[in-house]
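The data block below is target_24.txt; it holds compact mmCIF, C-alpha atoms and all ligand atoms.
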```txt
# COMPACT_ATOMS: atom_id res chain seq x y z
CA MET L 1 0.00 0.00 0.00
CA GLY L 2 2.97 2.34 0.60
CA ALA L 3 2.03 5.86 1.68
CA LYS L 4 -1.17 5.88 -0.38
CA LYS L 5 -4.09 7.06 1.74
CA SER L 6 -6.62 4.31 2.34
CA LYS L 7 -10.27 4.88 1.43
CA PHE L 8 -11.58 3.09 4.51
CA THR L 9 -10.43 0.89 7.40
CA PHE L 10 -11.60 -2.57 8.39
CA ILE L 11 -10.94 -5.40 10.82
CA ASP L 12 -10.70 -9.05 9.81
CA LEU L 13 -12.19 -11.37 12.47
CA PHE L 14 -12.12 -15.20 12.31
CA ALA L 15 -9.79 -14.27 9.49
CA GLY L 16 -8.75 -17.74 8.26
CA ILE L 17 -6.38 -17.12 5.39
CA GLY L 18 -7.67 -13.62 4.66
CA GLY L 19 -10.35 -13.86 1.96
CA PHE L 20 -12.00 -10.66 3.24
CA HIS L 21 -8.64 -8.92 3.44
CA LEU L 22 -7.77 -9.73 -0.19
CA ALA L 23 -11.07 -8.32 -1.44
CA LEU L 24 -11.14 -5.17 0.70
CA HIS L 25 -7.49 -4.38 0.07
CA ARG L 26 -8.19 -4.44 -3.68
CA LEU L 27 -10.86 -1.79 -3.08
CA GLY L 28 -8.43 0.53 -1.28
CA GLY L 29 -9.13 -0.55 2.31
CA LYS L 30 -6.61 -0.72 5.13
CA CYS L 31 -6.82 -3.58 7.62
CA VAL L 32 -6.13 -2.32 11.16
CA PHE L 33 -6.72 -5.51 13.16
CA VAL L 34 -6.76 -9.26 12.42
CA ASN L 35 -7.83 -12.15 14.60
CA GLU L 36 -7.41 -15.87 13.95
CA PHE L 37 -6.31 -18.48 16.50
CA ASN L 38 -5.48 -21.40 14.19
CA LYS L 39 -1.70 -21.74 13.89
CA CYS L 40 -1.66 -23.03 10.30
CA ALA L 41 -4.12 -20.41 9.05
CA LYS L 42 -2.01 -17.74 10.76
CA GLU L 43 1.09 -18.91 8.88
CA THR L 44 -0.69 -18.66 5.55
CA TYR L 45 -2.18 -15.29 6.44
CA LYS L 46 1.11 -13.79 7.50
CA ASN L 47 3.03 -15.31 4.61
CA TYR L 48 0.91 -13.36 2.15
CA PHE L 49 -0.25 -10.23 3.95
CA LYS L 50 3.13 -9.30 5.39
CA LYS L 51 4.09 -8.39 1.83
CA VAL L 52 0.78 -6.69 1.09
CA ASP L 53 0.83 -4.49 4.20
CA PRO L 54 4.01 -4.73 6.30
CA THR L 55 2.75 -1.95 8.63
CA LEU L 56 0.16 -4.36 10.01
CA PHE L 57 2.91 -6.53 11.47
CA ILE L 58 5.44 -4.03 12.86
CA ASP L 59 4.02 -3.81 16.37
CA ASP L 60 4.85 -7.10 18.11
CA GLU L 61 2.59 -6.46 21.06
CA ARG L 62 -0.47 -5.69 18.96
CA GLU L 63 0.34 -8.52 16.58
CA SER L 64 0.36 -10.95 19.49
CA PHE L 65 -3.39 -10.24 19.86
CA PHE L 66 -3.94 -11.16 16.21
CA TRP L 67 -3.33 -14.82 16.96
CA LYS L 68 -5.15 -15.20 20.28
CA ASP L 69 -8.49 -16.74 21.03
CA ILE L 70 -10.94 -13.87 20.40
CA LYS L 71 -12.36 -14.47 23.87
CA GLN L 72 -9.16 -13.15 25.41
CA ILE L 73 -10.08 -9.83 23.84
CA THR L 74 -13.88 -9.81 24.21
CA ARG L 75 -13.91 -11.64 27.58
CA THR L 76 -17.20 -13.36 26.69
CA ASP L 77 -16.08 -16.34 28.77
CA THR L 78 -15.92 -14.27 31.98
CA ASN L 79 -18.52 -12.54 34.15
CA GLU L 80 -16.66 -9.24 34.05
CA PRO L 81 -18.82 -6.11 33.99
CA LYS L 82 -19.42 -4.23 30.77
CA TYR L 83 -16.95 -1.41 31.46
CA ILE L 84 -14.08 -3.93 31.80
CA TRP L 85 -14.67 -5.77 28.51
CA LYS L 86 -15.38 -2.51 26.69
CA ARG L 87 -12.13 -1.05 27.98
CA ASN L 88 -10.22 -4.20 27.05
CA ILE L 89 -11.55 -4.17 23.48
CA GLY L 90 -10.94 -0.42 23.19
CA GLU L 91 -7.30 -0.83 24.24
CA ILE L 92 -6.59 -3.64 21.78
CA ILE L 93 -8.72 -2.90 18.72
CA PRO L 94 -8.36 0.54 17.13
CA ASN L 95 -11.23 2.45 15.52
CA PHE L 96 -12.30 1.18 12.11
CA ASP L 97 -15.08 1.57 9.53
CA ILE L 98 -16.08 -1.99 8.58
CA LEU L 99 -16.17 -5.14 10.72
CA CYS L 100 -15.64 -8.24 8.54
CA ALA L 101 -16.27 -11.72 9.92
CA GLY L 102 -16.88 -15.12 8.38
CA PHE L 103 -17.58 -16.52 11.82
CA PRO L 104 -17.32 -20.25 12.60
CA CYS L 105 -20.11 -21.98 10.79
CA GLN L 106 -20.04 -25.58 12.04
CA PRO L 107 -22.98 -25.14 14.43
CA PHE L 108 -25.18 -23.84 11.60
CA SER L 109 -24.05 -25.98 8.70
CA GLN L 110 -26.23 -28.80 7.43
CA VAL L 111 -23.51 -31.32 8.15
CA GLY L 112 -23.11 -30.08 11.74
CA LYS L 113 -25.23 -31.22 14.65
CA GLN L 114 -27.49 -28.14 14.45
CA LYS L 115 -26.88 -26.99 18.01
CA GLY L 116 -26.56 -23.31 17.11
CA PHE L 117 -26.42 -21.01 20.10
CA ASP L 118 -26.10 -23.98 22.46
CA ASP L 119 -22.79 -24.85 20.86
CA VAL L 120 -19.87 -22.75 22.05
CA ARG L 121 -18.80 -22.10 18.46
CA GLY L 122 -22.27 -20.76 17.76
CA THR L 123 -21.76 -18.17 20.42
CA MET L 124 -18.91 -16.54 18.46
CA PHE L 125 -21.55 -14.07 17.39
CA ASN L 126 -21.45 -12.75 20.96
CA ASP L 127 -17.79 -11.84 20.46
CA ILE L 128 -18.72 -9.92 17.32
CA GLU L 129 -21.54 -8.17 19.19
CA ARG L 130 -19.20 -7.01 21.96
CA ILE L 131 -16.67 -5.60 19.49
CA VAL L 132 -19.52 -3.83 17.70
CA ARG L 133 -20.79 -2.36 20.98
CA ALA L 134 -17.33 -1.25 22.05
CA ARG L 135 -16.23 0.25 18.72
CA LYS L 136 -19.45 1.14 16.84
CA PRO L 137 -18.10 0.74 13.29
CA LYS L 138 -20.04 2.19 10.36
CA VAL L 139 -20.78 -1.22 8.85
CA ILE L 140 -20.91 -4.88 9.85
CA PHE L 141 -20.23 -7.37 7.06
CA LEU L 142 -20.78 -11.05 7.94
CA GLU L 143 -20.59 -14.31 6.02
CA ASN L 144 -21.87 -17.74 7.03
CA VAL L 145 -23.39 -20.94 5.67
CA ARG L 146 -26.83 -20.52 4.15
CA ASN L 147 -28.36 -22.89 6.68
CA ILE L 148 -28.01 -20.19 9.33
CA VAL L 149 -31.24 -18.71 7.92
CA SER L 150 -33.44 -21.73 8.58
CA HIS L 151 -31.55 -22.92 11.63
CA ASN L 152 -33.66 -23.51 14.74
CA ASP L 153 -36.89 -22.49 12.92
CA ASN L 154 -35.32 -19.16 11.90
CA LYS L 155 -34.76 -18.27 15.55
CA THR L 156 -30.97 -18.10 15.19
CA LEU L 157 -31.18 -15.41 12.51
CA VAL L 158 -33.80 -13.52 14.51
CA VAL L 159 -31.48 -13.53 17.56
CA ILE L 160 -28.62 -12.19 15.44
CA LEU L 161 -30.78 -9.45 13.90
CA ASP L 162 -32.23 -8.48 17.29
CA LYS L 163 -28.77 -8.20 18.79
CA LEU L 164 -27.58 -5.99 15.92
CA ASP L 165 -30.70 -3.85 16.20
CA GLY L 166 -30.07 -3.46 19.94
CA ALA L 167 -26.47 -2.44 19.23
CA GLY L 168 -27.70 0.39 16.96
CA TYR L 169 -27.68 -1.14 13.46
CA ASP L 170 -30.36 -1.07 10.78
CA VAL L 171 -31.64 -4.59 10.21
CA ARG L 172 -34.80 -6.16 8.86
CA PRO L 173 -35.79 -9.81 8.92
CA GLU L 174 -36.72 -10.03 5.24
CA ARG L 175 -34.28 -11.31 2.66
CA GLY L 176 -32.71 -8.81 0.28
CA PHE L 177 -32.73 -5.81 2.62
CA ASN L 178 -29.58 -6.48 4.55
CA TRP L 179 -29.02 -10.19 4.13
CA GLU L 180 -28.94 -12.39 1.07
CA ILE L 181 -27.88 -15.84 -0.09
CA LEU L 182 -25.45 -15.50 -3.00
CA ARG L 183 -23.72 -18.20 -5.01
CA ALA L 184 -20.05 -17.96 -5.92
CA SER L 185 -20.93 -19.31 -9.38
CA ALA L 186 -23.01 -16.17 -9.99
CA PHE L 187 -19.86 -14.07 -9.49
CA GLY L 188 -17.48 -15.64 -11.97
CA LEU L 189 -16.24 -18.61 -9.91
CA PRO L 190 -16.70 -22.23 -11.07
CA THR L 191 -18.18 -23.47 -7.78
CA HIS L 192 -21.68 -23.39 -6.30
CA ARG L 193 -20.81 -22.26 -2.75
CA PRO L 194 -24.09 -20.64 -1.71
CA ARG L 195 -23.48 -18.47 1.34
CA PHE L 196 -25.34 -16.12 3.67
CA TYR L 197 -24.11 -12.51 3.61
CA LEU L 198 -25.24 -9.81 5.99
CA VAL L 199 -24.51 -6.08 5.73
CA ALA L 200 -25.71 -3.77 8.51
CA PHE L 201 -25.18 0.01 8.62
CA ARG L 202 -25.14 2.02 11.85
CA LYS L 203 -28.56 3.63 12.23
CA ASP L 204 -27.36 7.22 12.63
CA LEU L 205 -25.71 7.07 9.18
CA ARG L 206 -29.13 6.61 7.52
CA LYS L 207 -27.51 4.61 4.72
CA ALA L 208 -29.29 1.28 4.96
CA ASN L 209 -31.93 2.14 2.35
CA SER L 210 -29.29 3.07 -0.24
CA PHE L 211 -27.49 -0.27 -0.04
CA ARG L 212 -28.20 -3.04 -2.55
CA PHE L 213 -26.58 -6.44 -2.85
CA PRO L 214 -24.70 -6.72 -6.16
CA SER L 215 -26.33 -8.29 -9.20
CA SER L 216 -24.79 -11.49 -10.52
CA THR L 217 -22.01 -11.03 -13.04
CA THR L 218 -22.52 -14.60 -14.34
CA PRO L 219 -26.18 -15.38 -13.55
CA ARG L 220 -26.13 -18.72 -15.37
CA GLY L 221 -23.06 -19.85 -13.43
CA VAL L 222 -19.57 -20.69 -14.61
CA THR L 223 -18.48 -24.22 -15.47
CA LEU L 224 -15.18 -25.90 -14.75
CA ARG L 225 -14.71 -26.27 -18.51
CA GLN L 226 -15.01 -22.52 -19.04
CA ILE L 227 -12.23 -21.89 -16.52
CA PHE L 228 -9.93 -24.92 -16.80
CA GLY L 229 -10.35 -25.95 -20.43
CA LYS L 230 -12.13 -28.38 -22.69
CA ARG L 231 -10.94 -31.57 -21.01
CA TRP L 232 -12.96 -30.63 -17.91
CA PRO L 233 -16.69 -31.37 -17.48
CA ALA L 234 -19.17 -28.62 -18.36
CA ILE L 235 -20.55 -28.47 -14.82
CA ILE L 236 -20.36 -25.97 -11.98
CA GLY L 237 -17.90 -27.32 -9.41
CA SER L 238 -19.07 -28.59 -6.02
CA THR L 239 -18.56 -26.46 -2.93
CA ILE L 240 -15.07 -27.04 -1.55
CA ARG L 241 -15.43 -28.56 1.90
CA VAL L 242 -13.26 -28.72 4.97
CA GLY L 243 -13.11 -32.51 5.39
CA GLY L 244 -13.70 -35.85 3.65
CA ARG L 245 -11.32 -35.46 0.75
CA LYS L 246 -10.51 -37.66 -2.21
CA SER L 247 -13.60 -39.86 -2.12
CA PRO L 248 -13.07 -42.42 -4.88
CA PHE L 249 -15.13 -42.40 -8.06
CA ARG L 250 -17.16 -45.55 -8.53
CA LYS L 251 -17.84 -47.55 -11.66
CA ASN L 252 -21.15 -48.50 -13.23
CA PRO L 253 -21.60 -52.15 -14.29
CA ASP L 254 -20.74 -51.07 -17.84
CA GLY L 255 -17.34 -49.80 -16.64
CA SER L 256 -18.12 -46.07 -16.87
CA TRP L 257 -17.19 -43.83 -13.95
CA PHE L 258 -19.82 -42.21 -11.83
CA ARG L 259 -19.64 -39.33 -9.46
CA ASP L 260 -21.92 -38.72 -6.49
CA ARG L 261 -22.29 -36.02 -3.81
CA ARG L 262 -19.27 -37.33 -1.98
CA ASN L 263 -16.99 -36.66 -4.94
CA TRP L 264 -16.84 -32.92 -4.30
CA ASP L 265 -13.10 -32.67 -4.96
CA THR L 266 -12.80 -35.24 -7.77
CA TYR L 267 -13.86 -34.73 -11.40
CA LEU L 268 -13.59 -36.66 -14.59
CA VAL L 269 -10.93 -34.77 -16.48
CA ASN L 270 -9.90 -36.17 -19.80
CA ASN L 271 -12.09 -39.16 -18.90
CA LYS L 272 -10.05 -40.02 -15.81
CA PRO L 273 -10.80 -39.23 -12.16
CA HIS L 274 -8.80 -36.17 -11.18
CA VAL L 275 -8.41 -34.83 -7.62
CA LEU L 276 -8.38 -31.03 -7.42
CA THR L 277 -4.95 -29.52 -7.02
CA VAL L 278 -4.41 -26.66 -4.58
CA GLU L 279 -3.95 -24.26 -7.52
CA GLU L 280 -7.30 -25.32 -8.99
CA ALA L 281 -9.04 -24.98 -5.62
CA LYS L 282 -7.51 -21.51 -5.21
CA THR L 283 -8.89 -20.45 -8.59
CA MET L 284 -12.33 -21.82 -7.68
CA MET L 285 -12.37 -19.67 -4.53
CA GLY L 286 -11.11 -16.51 -6.27
CA PHE L 287 -7.56 -16.48 -4.88
CA PRO L 288 -4.90 -15.03 -7.21
CA SER L 289 -1.99 -17.14 -8.45
CA ASN L 290 0.47 -15.09 -6.37
CA PHE L 291 -1.30 -16.19 -3.18
CA ILE L 292 1.30 -18.70 -2.02
CA PHE L 293 0.88 -21.08 0.92
CA PRO L 294 3.87 -21.62 3.23
CA GLY L 295 5.93 -24.56 2.02
CA ASN L 296 5.60 -26.57 5.24
CA LEU L 297 1.81 -27.00 4.98
CA SER L 298 0.42 -30.30 3.76
CA TYR L 299 -2.02 -30.67 0.86
CA SER L 300 -4.80 -31.42 3.40
CA GLN L 301 -4.07 -28.30 5.44
CA LYS L 302 -4.14 -26.10 2.33
CA MET L 303 -7.39 -27.64 1.10
CA LYS L 304 -8.94 -27.29 4.58
CA GLN L 305 -8.01 -23.61 4.65
CA LEU L 306 -9.54 -23.07 1.21
CA GLY L 307 -12.66 -25.02 2.25
CA ASN L 308 -13.04 -22.68 5.25
CA SER L 309 -12.49 -19.55 3.22
CA VAL L 310 -14.86 -17.02 1.73
CA ALA L 311 -15.38 -16.79 -2.04
CA VAL L 312 -13.24 -13.71 -2.69
CA SER L 313 -15.12 -12.42 -5.77
CA VAL L 314 -18.44 -12.37 -3.92
CA ILE L 315 -16.93 -10.50 -0.97
CA GLU L 316 -15.38 -7.99 -3.37
CA ALA L 317 -18.67 -7.39 -5.22
CA ILE L 318 -20.58 -6.81 -1.96
CA ALA L 319 -17.81 -4.65 -0.48
CA LYS L 320 -17.82 -2.45 -3.60
CA ASN L 321 -21.50 -1.65 -2.94
CA ILE L 322 -20.84 -1.06 0.77
CA ILE L 323 -18.12 1.47 -0.04
CA LYS L 324 -20.27 3.16 -2.67
CA THR L 325 -23.02 3.44 -0.04
CA ILE L 326 -20.71 4.84 2.67
CA HIS L 327 -19.20 7.43 0.35
CA GLY L 328 -22.39 8.14 -1.60
C1 LIG Y 401 -15.22 -20.22 8.65
S1 LIG Y 401 -13.59 -19.84 9.04
C2 LIG Y 401 -13.39 -18.23 8.36
C3 LIG Y 401 -12.41 -18.16 7.23
C4 LIG Y 401 -12.09 -16.81 6.67
N1 LIG Y 401 -13.24 -15.96 6.53
C5 LIG Y 401 -11.32 -16.94 5.33
O1 LIG Y 401 -11.66 -16.28 4.36
O2 LIG Y 401 -10.38 -17.73 5.26
C6 LIG Y 401 -13.67 -19.49 10.77
C7 LIG Y 401 -12.31 -19.22 11.42
O3 LIG Y 401 -12.51 -18.83 12.77
C8 LIG Y 401 -11.40 -19.28 13.52
N2 LIG Y 401 -11.80 -19.30 14.94
C9 LIG Y 401 -12.71 -20.12 15.52
N3 LIG Y 401 -12.83 -19.84 16.83
C10 LIG Y 401 -11.97 -18.82 17.10
C11 LIG Y 401 -11.64 -18.11 18.29
N4 LIG Y 401 -12.20 -18.41 19.45
N5 LIG Y 401 -10.72 -17.12 18.22
C12 LIG Y 401 -10.13 -16.82 17.04
N6 LIG Y 401 -10.39 -17.47 15.86
C13 LIG Y 401 -11.31 -18.47 15.90
C14 LIG Y 401 -11.11 -20.67 12.95
O4 LIG Y 401 -9.78 -21.07 13.21
C15 LIG Y 401 -11.40 -20.45 11.46
O5 LIG Y 401 -10.23 -20.19 10.73
```
Please re-express this file's structure in structure tokens.
Amino acid sequence: MGAKKSKFTFIDLFAGIGGFHLALHRLGGKCVFVNEFNKCAKETYKNYFKKVDPTLFIDDERESFFWKDIKQITRTDTNEPKYIWKRNIGEIIPNFDILCAGFPCQPFSQVGKQKGFDDVRGTMFNDIERIVRARKPKVIFLENVRNIVSHNDNKTLVVILDKLDGAGYDVRPERGFNWEILRASAFGLPTHRPRFYLVAFRKDLRKANSFRFPSSTTPRGVTLRQIFGKRWPAIIGSTIRVGGRKSPFRKNPDGSWFRDRRNWDTYLVNNKPHVLTVEEAKTMMGFPSNFIFPGNLSYSQKMKQLGNSVAVSVIEAIAKNIIKTIHG
């Protein structure tokens, strides 16, 4: 970024390998705080973003908070009074414009046990809420699995919206106003990956009515063949997952291969089963070719990190509209 003045500031919570950061940096944003407690994800994050924005990593003390459990900052696991946790957050996290968080989705995902707010990972929203209350950013930008909408008879989403409303943000329960389900394949990526996105503006800004989710750039979807070439099948790729890799293709009695739901990372390429490479998975998620993983990470760790990540092109398209709305 050099000395160029940034257009806006943001923080990157539950940052994984930095999908939000990539997108918002491209739009002229400056990240002022990161948080991610997984050691391998941290390595990948730092490996790339240290070059993108070295200033983020020059203060050792502040950086040490980047890689801590978020609860050490928000204190949601203690009974401390409000003024203590607010002061703690205020001392560690600087002021910023946009809060970005693809918070842990296991409790809400269809493959999870559907415990939601009863599951400690489901309560990560409480950490977000405290940071919002302590710092009052202009905008909150969240990503999660689409199942969060129907989870617990819609009660989970209602709780989230109520909490944001109580914290001073414009929210409405109906789809399309400040939350939407968007598919990565509708934004130029060859993978379905339907995800829930929420954008909430602080009420006093009176901006919520001007915001619109972006229209699809590729409404009919993008196939693997369009991106990787004619030897690939003309289908939209499956959503990259965190676990259960390399499920074998099976054969029909006539000897032809067949693919089922489990084969999310294997495709018939040139008529042979082909397991996605890390480079292919990166392309499917919208990561640029110069996004390099640290050499010591295994194939499984890299694929897990990509499976956990946001679809960068979708984040960028939404963020563009957020910034237009803030500055409009
Ligand atoms: C769904 S992933 C988000 C990935 C990220 N948005 C990206 O683009 O790569 C959720 C992340 O939250 C992190 N996480 C979960 N609990 C945490 C905690 N208590 N403190 C800090 N990070 C946490 C996980 O390690 C995981 O990387």
Show which residues sit within 9 Å of L:Ala186, as number ranges by chain. Count only C-alpha atoms, and ignore same-chain residues fewer than 5 positions away. L: 192, 215-222, 314
Residues within 6 Å of ligand LIG 401 (chain Y), counting only C-alpha atoms and all ligand atoms, as a VMD selection string: chain L and resid 14 to 20 35 to 38 69 to 71 102 to 105 308 to 310
So that I can see what lies close to stretch 321-326 of chain L, please list as a PDB file with C-alpha atoms, in the frame of the given file the residues with an atom at most 12 Å from it, counting only C-alpha atoms and leaving out residues fewer than 2 positions away in the same chain.
```
ATOM      1  CA  LYS L   7     -10.270   4.880   1.430  1.00  0.00           C
ATOM      2  CA  PHE L   8     -11.580   3.090   4.510  1.00  0.00           C
ATOM      3  CA  THR L   9     -10.430   0.890   7.400  1.00  0.00           C
ATOM      4  CA  PHE L  10     -11.600  -2.570   8.390  1.00  0.00           C
ATOM      5  CA  LEU L  24     -11.140  -5.170   0.700  1.00  0.00           C
ATOM      6  CA  LEU L  27     -10.860  -1.790  -3.080  1.00  0.00           C
ATOM      7  CA  GLY L  28      -8.430   0.530  -1.280  1.00  0.00           C
ATOM      8  CA  GLY L  29      -9.130  -0.550   2.310  1.00  0.00           C
ATOM      9  CA  ASP L  97     -15.080   1.570   9.530  1.00  0.00           C
ATOM     10  CA  ILE L  98     -16.080  -1.990   8.580  1.00  0.00           C
ATOM     11  CA  LEU L  99     -16.170  -5.140  10.720  1.00  0.00           C
ATOM     12  CA  CYS L 100     -15.640  -8.240   8.540  1.00  0.00           C
ATOM     13  CA  PRO L 137     -18.100   0.740  13.290  1.00  0.00           C
ATOM     14  CA  LYS L 138     -20.040   2.190  10.360  1.00  0.00           C
ATOM     15  CA  VAL L 139     -20.780  -1.220   8.850  1.00  0.00           C
ATOM     16  CA  ILE L 140     -20.910  -4.880   9.850  1.00  0.00           C
ATOM     17  CA  PHE L 141     -20.230  -7.370   7.060  1.00  0.00           C
ATOM     18  CA  ASN L 178     -29.580  -6.480   4.550  1.00  0.00           C
ATOM     19  CA  LEU L 198     -25.240  -9.810   5.990  1.00  0.00           C
ATOM     20  CA  VAL L 199     -24.510  -6.080   5.730  1.00  0.00           C
ATOM     21  CA  ALA L 200     -25.710  -3.770   8.510  1.00  0.00           C
ATOM     22  CA  PHE L 201     -25.180   0.010   8.620  1.00  0.00           C
ATOM     23  CA  ARG L 202     -25.140   2.020  11.850  1.00  0.00           C
ATOM     24  CA  LEU L 205     -25.710   7.070   9.180  1.00  0.00           C
ATOM     25  CA  ARG L 206     -29.130   6.610   7.520  1.00  0.00           C
ATOM     26  CA  LYS L 207     -27.510   4.610   4.720  1.00  0.00           C
ATOM     27  CA  ALA L 208     -29.290   1.280   4.960  1.00  0.00           C
ATOM     28  CA  ASN L 209     -31.930   2.140   2.350  1.00  0.00           C
ATOM     29  CA  SER L 210     -29.290   3.070  -0.240  1.00  0.00           C
ATOM     30  CA  PHE L 211     -27.490  -0.270  -0.040  1.00  0.00           C
ATOM     31  CA  ARG L 212     -28.200  -3.040  -2.550  1.00  0.00           C
ATOM     32  CA  PHE L 213     -26.580  -6.440  -2.850  1.00  0.00           C
ATOM     33  CA  PRO L 214     -24.700  -6.720  -6.160  1.00  0.00           C
ATOM     34  CA  SER L 215     -26.330  -8.290  -9.200  1.00  0.00           C
ATOM     35  CA  VAL L 314     -18.440 -12.370  -3.920  1.00  0.00           C
ATOM     36  CA  ILE L 315     -16.930 -10.500  -0.970  1.00  0.00           C
ATOM     37  CA  GLU L 316     -15.380  -7.990  -3.370  1.00  0.00           C
ATOM     38  CA  ALA L 317     -18.670  -7.390  -5.220  1.00  0.00           C
ATOM     39  CA  ILE L 318     -20.580  -6.810  -1.960  1.00  0.00           C
ATOM     40  CA  ALA L 319     -17.810  -4.650  -0.480  1.00  0.00           C
ATOM     41  CA  GLY L 328     -22.390   8.140  -1.600  1.00  0.00           C
TER      42      GLY L 328
END
```
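Counting only C-alpha atoms and comparing L:Val32, L:Leu164, L:Leu13, L:Leu56, the residue that lies closest to L:Phe96 is L:Val32.
Residues with any atom within 12 Å of the point (-0.1, -5.9, 4.2), counting only C-alpha atoms, are Met1, Gly2, Gly18, His21, Leu22, Leu24, His25, Arg26, Gly28, Gly29, Lys30, Cys31, Val32, Phe33, Val34, Tyr45, Lys46, Asn47, Tyr48, Phe49, Lys50, Lys51, Val52, Asp53, Pro54, Thr55, Leu56, Phe57 and Ile58 of chain L.
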Find the distance between atom CA of L:Leu297 and atom CA of L:Val312 and write it in Å to one decimal.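 Going from atom CA of L:Leu297 over to atom CA of L:Val312, I get 21.5 Å.
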Calculated over all atoms listed in the file, which of the candidates L:Ala311, L:Val158, L:Leu276, L:Ile235 has the smallest distance to L:Arg195?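 Closest to L:Arg195 of all the choices is L:Ala311.
Nearest to L:Phe287 of all the residues L:Trp257, L:Leu189, L:Asp170, L:Asp204 is L:Leu189, based on all atoms listed in the file.
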Can you tell me, as a compact mmCIF listing (two decimals) with C-alpha atoms, in the frame of the given file, what residues are no more than 10 Å from L:Asn126 when counting only C-alpha atoms, ignoring any on the same chain fewer than 3 positions away?
```
# COMPACT_ATOMS: atom_id res chain seq x y z
CA LYS L 71 -12.36 -14.47 23.87
CA THR L 74 -13.88 -9.81 24.21
CA THR L 76 -17.20 -13.36 26.69
CA PHE L 117 -26.42 -21.01 20.10
CA GLY L 122 -22.27 -20.76 17.76
CA THR L 123 -21.76 -18.17 20.42
CA GLU L 129 -21.54 -8.17 19.19
CA ARG L 130 -19.20 -7.01 21.96
CA ILE L 131 -16.67 -5.60 19.49
CA VAL L 132 -19.52 -3.83 17.70
CA ILE L 160 -28.62 -12.19 15.44
CA LYS L 163 -28.77 -8.20 18.79
```
Find the spatial neighbours of L:Asp265, counting only C-alpha atoms, within a cut-off of 9 Å - ignore same-chain residues fewer than 6 positions away - and output them as a ChimeraX atom specification. /L:237-241,245-247,274-277,281
Quick one, how far is atom CA of L:Lys230 from atom CA of L:Asn270?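 Computed distance, atom CA of L:Lys230 to atom CA of L:Asn270, equals 8.6 Å.
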Å distance separating atom CA of L:Arg225 from atom CA of L:Arg193, one decimal place: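 Separation between atom CA of L:Arg225 and atom CA of L:Arg193: 17.4 Å.
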Could you get me a file of stretch 72-84 of chain L with N, CA and C atoms, as a compact mmCIF listing (two decimals), in the first residue's frame, taken from the block above?
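The result, stored in part_8.txt:
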```txt
# COMPACT_ATOMS: atom_id res chain seq x y z
N GLN L 72 -10.11 -13.86 24.55
CA GLN L 72 -9.16 -13.15 25.41
C GLN L 72 -9.28 -11.64 25.21
N ILE L 73 -9.90 -11.25 24.13
CA ILE L 73 -10.08 -9.83 23.84
C ILE L 73 -11.48 -9.37 24.26
N THR L 74 -12.48 -10.19 23.93
CA THR L 74 -13.88 -9.81 24.21
C THR L 74 -14.33 -10.19 25.61
N ARG L 75 -13.63 -11.16 26.22
CA ARG L 75 -13.91 -11.64 27.58
C ARG L 75 -15.32 -12.22 27.71
N THR L 76 -15.84 -12.79 26.61
CA THR L 76 -17.20 -13.36 26.69
C THR L 76 -17.25 -14.60 27.57
N ASP L 77 -16.08 -15.15 27.92
CA ASP L 77 -16.08 -16.34 28.77
C ASP L 77 -15.89 -15.97 30.25
N THR L 78 -16.04 -14.69 30.58
CA THR L 78 -15.92 -14.27 31.98
C THR L 78 -17.23 -13.57 32.39
N ASN L 79 -17.34 -13.29 33.68
CA ASN L 79 -18.52 -12.54 34.15
C ASN L 79 -18.16 -11.09 34.42
N GLU L 80 -17.11 -10.61 33.79
CA GLU L 80 -16.66 -9.24 34.05
C GLU L 80 -17.73 -8.23 33.64
N PRO L 81 -17.81 -7.12 34.37
CA PRO L 81 -18.82 -6.11 33.99
C PRO L 81 -18.48 -5.45 32.66
N LYS L 82 -19.51 -4.82 32.10
CA LYS L 82 -19.42 -4.23 30.77
C LYS L 82 -18.23 -3.27 30.62
N TYR L 83 -17.99 -2.43 31.65
CA TYR L 83 -16.95 -1.41 31.46
C TYR L 83 -15.57 -2.06 31.31
N ILE L 84 -15.39 -3.25 31.90
CA ILE L 84 -14.08 -3.93 31.80
C ILE L 84 -13.88 -4.46 30.38
```
